[in-house]
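Asks: Handing you this structure, nothing more for now.
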Amino acid sequence: MVAFSKDVFDTICRDKTCDSLVHPWTKGCFKAALMIYASSIVGSAKFYSLVYLAQILMRGKKMAKKEEWIKMGRFYVRSTLLGLLVSAVGLQLICLIRKLIGKFTYHSCVLIPYTLSGIFIYLEPPARRGLVINLFCNLLIEYFLRSLQRAGYLSITKSKQTLMFMVGSSLLFYLMRLEGDKEVKTPLFWFFSPEKVRKKSDESPNVCPHNGECKKHILKGASAYFGIGLGISLAKLILPQIRTPLKAISTIRGKHLTLALFFSSYIGIYRAIICYLCRKKGFDSAFYALPAGYVAGLSFLFNPNLGLSIASVTAALKLYATILYEKKILPSSIPLPEIMYCLCQGVLFSARVMDPDVCPRYVFNLMDSVSNKRSLHVTKSLYETLKVT
């Protein structure tokens with residue numbers, strides 16, 4: 001596949017009808033809207049069930065309380081509505097804009113409608129909203145980096161991704177430890193939260209930020225996160241084939257252990273270095289997270305992923321942005337994060353259709369899953385139109 005230029009799209013698709021380009025499964029826009037709503041409620045519910053299952057596994061013992069399950073259930077419903085309305089209303093807006101201006105244009109086909117439907121991000125509660133916005137910012141950066149790589153301006157190697165992750169982890173863990181004593185912390189969806197800095201005034205004989213023996217603390221964390229990583233990998237493998245679980249289990253290979261090895265070594269190395277520095281210096285400090293996070297970042301080699309390396313850096317930047325908001329350097333009266341989300345969604349969904357070669361795979365999965373495969377019909381219709389014409 002190749003990227004479609006604005007001139008080519010506008011020339012070929014300008015006078016096409018909605019049913020020939022946007023909803024080939026039926027002629028009428030209203031009927032198409034009803035069908036996309038029906039598909040999207042099913043697709044969105046299925047997609048977010050996997051997302052929330054992963055989050056439940058990550059939260060571990062915190063899910064022992066009934067209140068946590070109720071809260072998670074409310075969040076799941078709101079996220080499902082977000083996926084439904086972004087998908088369905090976005091398609092309706094494509095048809096509406098086509099009727100208002102009398103033609104299709106490169107920007108009105110996907111970019112503008114899905115930028116506008118991004119307003120439904122307000123369905124997510126503030127705590128989760130920041131996580132979704134952060135994810136889409138990561139995806140947009142990944143898209144731009146891949147575009148620059150395709151143009152020959154840079155090369156994205158495994159060593160560069162690893163270095164980015166090491167630096168990001170170093171800064172992220174340092175800033176997270178600085179936030180340790182705050183009552184309200186910046187919401188982050190990161191798979192590990194470092195322990196708070198143990199104050200010198202603490203009467204505990206242990207200078208490390210944990211209770212008990214260091215060896216047990218390190219092994220407990222490494223083994224727990226190995227189990228979490230393995231659980232997520234097996235869930236991704238088995239749930240799509242839930243009707244034939246034995247067949248799914250028979251396909252388990254060594255590659256399905258990479259996420260577990262990454263999680264366990266990442267946490268194990270970090271905790272080991274923190275304990276070593278605390279013992280050596282005789283006190284705890286947030287600065288210890290800098291070298292600990294940096295060296296622990298080498299675990300990235302088990303599970304290299306450009307999106308993950310970007311996420312470590314943007315998560316650190318998000319924490320730094322919180323500091324800027326607290327110092328009144330960034331204005332809190334302007335909804336900058338929500339505006340950023342709308343723009344990110346519009347650009348990424350447009351890239352899924354117009355520039356698929358460098359669009360992050362997560363965007364493909366998101367659009368196809370939430371629309372219950374309806375987006376595949378749209379892209380197939382578009383590609384056939386451009387090819388045949």
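Order determines the names: the first chain of the structure tokens is A, the second B, and so forth; residues in each chain are numbered 1 upward, and ligands are numbered 1 upward as they are shown.
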Would you kindly return, as a ChimeraX atom specification, each protein, DNA or RNA residue with an atom no farther than 10 Å from any atom of A:Ala127, considering only C-alpha atoms and excluding same-chain residues fewer than 4 positions away?

Replies: /A:131-132,185-188

Asks: With distances taken over only C-alpha atoms, which of A:Gly180, A:Leu257, A:Ser350, A:Ser79 is nearest to A:Lys6?

Replies: A:Ser350

Asks: Fewer than 2 positions away in the same chain doesn't count, so skip those; otherwise give me all residues within 10 Å of A:Phe287, counting only C-alpha atoms, as a PyMOL selection string.

Replies: chain A and resi 170-171+173-175+177-178+197+274+284-285+289-292

Asks: Assign secondary structure with DSSP using the backbone only, and return the residues of stretch 92-173 of chain A in alpha helix (DSSP H) as number ranges by chain.

Replies: A: 92-101, 106, 112-116, 126-151, 158-173

Asks: Taking only C-alpha atoms into account, produce a table as CSV in which each residue of stretch 49-89 of chain A with an atom at most 12 Å from an atom of stretch 94-100 of chain A appears once, together with its shortest atom pair and the distance in Å to one decimal, ordered by chain and rising number.

Replies:
residue,atom,partner,partner_atom,distance
A:Ser87,CA,A:Ile94,CA,11.2
A:Ala88,CA,A:Ile94,CA,10.2
A:Val89,CA,A:Ile94,CA,8.7

Asks: Those same residues - all heavy atoms - I'd like them written as a PDB file, in the first residue's frame.

Replies:
ATOM      1  N   SER A  87     -16.822   6.000  16.784  1.00  0.00           N
ATOM      2  CA  SER A  87     -16.923   5.226  15.552  1.00  0.00           C
ATOM      3  C   SER A  87     -18.161   5.600  14.738  1.00  0.00           C
ATOM      4  O   SER A  87     -18.071   5.906  13.545  1.00  0.00           O
ATOM      5  CB  SER A  87     -16.949   3.730  15.882  1.00  0.00           C
ATOM      6  OG  SER A  87     -17.151   2.950  14.732  1.00  0.00           O
ATOM      7  N   ALA A  88     -19.321   5.585  15.378  1.00  0.00           N
ATOM      8  CA  ALA A  88     -20.580   5.786  14.655  1.00  0.00           C
ATOM      9  C   ALA A  88     -20.805   7.244  14.253  1.00  0.00           C
ATOM     10  O   ALA A  88     -21.176   7.535  13.114  1.00  0.00           O
ATOM     11  CB  ALA A  88     -21.746   5.292  15.505  1.00  0.00           C
ATOM     12  N   VAL A  89     -20.569   8.167  15.183  1.00  0.00           N
ATOM     13  CA  VAL A  89     -20.796   9.587  14.878  1.00  0.00           C
ATOM     14  C   VAL A  89     -19.775  10.066  13.842  1.00  0.00           C
ATOM     15  O   VAL A  89     -20.097  10.887  12.973  1.00  0.00           O
ATOM     16  CB  VAL A  89     -20.711  10.439  16.159  1.00  0.00           C
ATOM     17  CG1 VAL A  89     -20.761  11.922  15.822  1.00  0.00           C
ATOM     18  CG2 VAL A  89     -21.846  10.071  17.105  1.00  0.00           C
TER      19      VAL A  89
END
